[in-house]
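Chemist: Have a look at this one.
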Amino acid sequence: MASAKDEILASLEAVISPDGSSLPKTGKLSDIVVDDGKVFFSISVDADLVPAWEPVRAAAEAAARGVAGVTSVMVALTAERAPGAVRRPPQATAPAARGPAPDARGGPPAVPGVASIIAVASGKGGVGKSTTAVNLALGLRDLGLKVGMLDADIYGPSVPKLLAIKEQPQMTGGGKLMPIMRYGIAVMSIGFLVDEETPMIWRGPMVMSALTHMLHDVAWGELDVMVVDMPPGTGDAQLTMAQQVPLRGAVIVSTPQDLALIDARRGIAMFRRVNVPVLGIVENMSYFLCPQCGTRSDIFGHGGARQEAERLKVPFLGEVPLHMEIRERSDSGLPVVSSESEGAHAKIYRDIAAKVRDQLIAGASSRPAPKIVLEA
């Protein structure tokens with residue numbers, strides 16, 4: 001009996017490449033990953049050939065979706081250049097009709113219906129970035145905003161765990177994925193489509209292709225703000241994400257210790273390099289209060305992020321303590337802003353959210369007004 005992978009490969013024989021050969025015979029098809037009805041593979045072509053291969057990608061996705069037992073398909077078109085290839089200068093041609101429209105300010109393509117996109121980032125992992133991102137999103141919701149959340153950490157998605165989401169997103173009639181609603185926010189993550197123990201052994205271009213799909217092929221609806229939980233670090237994926245997504249600003253999460261602050265500086269420098277405003281720094285795990293005796297301990301030091309914010313002339317957004325309640329509720333998919341909405345920790349996150357909101361409003365109002373031309 002043929003395996004699901006063999007059946008998908010057979011279905012792809014009917015997909016014809018631009019040179020007239022079937023897709024499996026081109027040598028551009030990656031290994032096909034099948035996990036409980038969910039299918040993933042990529043097509044790797046030279047960057048200059050991407051427009052010609054986009055219809056092939058779409059046809060391959062449709063062919064795989066037609067195989068019995070397949071519930072969802074993600075096909076990434078990875079644009080790579082051969083070693084030593086010379087980048088050709090841009091041609092003075094009209095823009096392609098396909099793909100999302102560029103942002104009105106000339107930057108990366110906007111996401112329809114989404115007014116503002118902000119990144120929550122860290123220079124390194126393990127500083128509580130995802131927990132901060134989830135509670136920040138919920139804090140913005142409590143301020144009356146329509147909020148969405150994109151888990152952009154392809155290699156280690158945490159949002160499904162933090163929000164206790166186990167179901168898979170459904171398709172709309174228009175072929176887009178529906179985000180999953182949880183606690184009043186619209187959420188999308190690659191973790192909804194793969195088992196949590198499945199390793200995502202993807203190269204950078206495939207990661208960016210997947211993120212592009214989750215941004216532009218999801219029916220987000222009308223949102224005031226989308227919170228993006230960025231991958232940790234300042235590598236290629238983070239830099240490309242910052243360049244290809246119309247970010248209104250970035251929130252940097254760090255612990256107070258010197259080692260974490262070194263990496264936070266790199267994160268701030270990266271966003272400044274690509275002209276993304278830094279909305280501020282959050283000092284996470286700022287201090288520890290003993291639940292038995294109430295004694296305060298500065299396990300990772302204290303105040304380092306505030307001092308760094310002052311030195312780098314960026315806003316300091318607030319201090320979040322290291323507390324068992326935050327950790328326990330996060331592990332249970334019950335973020336404190338919703339599960340303990342009247343508690344002290346929820347207030348801290350809402351105060352941070354209010355500062356972020358105020359900066360978004362100030363940034364919008366500081367844009368130059370459009371010129372008005374009066375004709376005689």
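Going through the structure tokens in order, the chains are called A, B, and so on, while each chain numbers its residues from 1 and the ligands are numbered from 1 in the order shown.
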Compile the contact shell of Ala269 (chain A) as a list in words: residues with an atom at most 12 Å away, counting only C-alpha atoms, same-chain residues fewer than 3 positions apart removed.

Modeler: Ser122, Gly123, Gly233, Thr234, Leu239, Ala250, Ile252, Ile262, Asp263, Ala264, Arg265, Arg266, Arg272, Arg273, Val274, Asn275, Val276, Pro277, Val278, Leu312 and Val314 of chain A

Chemist: Create the file for the chosen residues now, containing C-alpha atoms and written as a CSV table (one decimal), in the first residue's frame.

Modeler:
chain,number,residue,atom,x,y,z
A,122,SER,CA,14.8,39.8,22.4
A,123,GLY,CA,18.5,39.5,21.7
A,233,GLY,CA,18.3,36.7,18.4
A,234,THR,CA,19.4,39.0,15.6
A,239,LEU,CA,16.6,40.9,10.0
A,250,ALA,CA,9.4,47.0,18.4
A,252,ILE,CA,12.6,44.7,23.5
A,262,ILE,CA,24.4,42.8,25.8
A,263,ASP,CA,22.1,40.9,23.5
A,264,ALA,CA,19.3,43.5,24.0
A,265,ARG,CA,21.6,46.2,22.7
A,266,ARG,CA,22.1,44.1,19.6
A,272,ARG,CA,17.5,51.0,14.3
A,273,ARG,CA,19.5,49.8,11.3
A,274,VAL,CA,16.3,48.9,9.4
A,275,ASN,CA,14.5,52.1,10.6
A,276,VAL,CA,12.0,50.4,12.9
A,277,PRO,CA,11.2,52.6,15.9
A,278,VAL,CA,12.0,51.0,19.3
A,312,LEU,CA,20.2,54.4,24.6
A,314,VAL,CA,14.5,54.6,24.4

Chemist: Show which residues sit within 9 Å of Pro179 (chain A), as a VMD selection string. Count only C-alpha atoms, and ignore same-chain residues fewer than 4 positions away.

Modeler: chain A and resid 148 169 to 170 186 to 189 218 to 220

Chemist: If you keep C-alpha atoms, can you produce a file of those selected residues as a compact mmCIF listing (two decimals), in the first residue's frame?

Modeler:
# COMPACT_ATOMS: atom_id res chain seq x y z
CA GLY A 148 -4.27 39.86 16.57
CA PRO A 169 -7.23 26.56 11.80
CA GLN A 170 -9.95 26.13 9.18
CA ALA A 186 -7.04 36.43 16.66
CA VAL A 187 -4.02 34.09 16.75
CA MET A 188 -1.92 32.31 14.12
CA SER A 189 1.14 30.10 14.65
CA VAL A 218 -4.80 34.52 6.80
CA ALA A 219 -8.20 36.19 7.11
CA TRP A 220 -7.19 38.53 9.92

Chemist: One number please: CA of Ala52 (chain A) to CA of Val15 (chain A), in Å, one decimal.

Modeler: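 Answer for the CA of Ala52 (chain A) to CA of Val15 (chain A) separation: 13.6 Å.
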
Chemist: Looking at only C-alpha atoms, which of A:Pro24, A:Pro51, A:Gly156, A:Gly37 is the one that sits closest to Pro231 (chain A)?

Modeler: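 Ranked by minimum distance to Pro231 (chain A), first place goes to A:Gly156.
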
Chemist: Could you tell me, as a PyMOL selection string, which residues of region 220-255 of chain A DSSP assigns to strand (DSSP E or B) when given the backbone?

Modeler: chain A and resi 223-229+249-254

Chemist: Kindly indicate which residue among A:Val70, A:Leu77, A:Val251, A:Leu317 lies nearest to Leu49 (chain A), using only C-alpha atoms for the distances.

Modeler: A:Leu77

Chemist: Report as a PyMOL selection string: the residues of region 234-369 of chain A with a DSSP assignment of helix (DSSP H, G or I), based on the backbone of this structure.

Modeler: chain A and resi 236-244+258-273+304-312+324-331+336-339+344-365

Chemist: Fewer than 3 positions away in the same chain doesn't count, so skip those; otherwise give me all residues within 7 Å of Glu61 (chain A), counting only C-alpha atoms, as a ChimeraX atom specification.

Modeler: /A:57-58,64-65,73-75

Chemist: Pick the closest to Glu325 (chain A) from A:Ile281, A:Val134, A:Leu289, A:Val67: which is it, counting only C-alpha atoms?

Modeler: A:Leu289
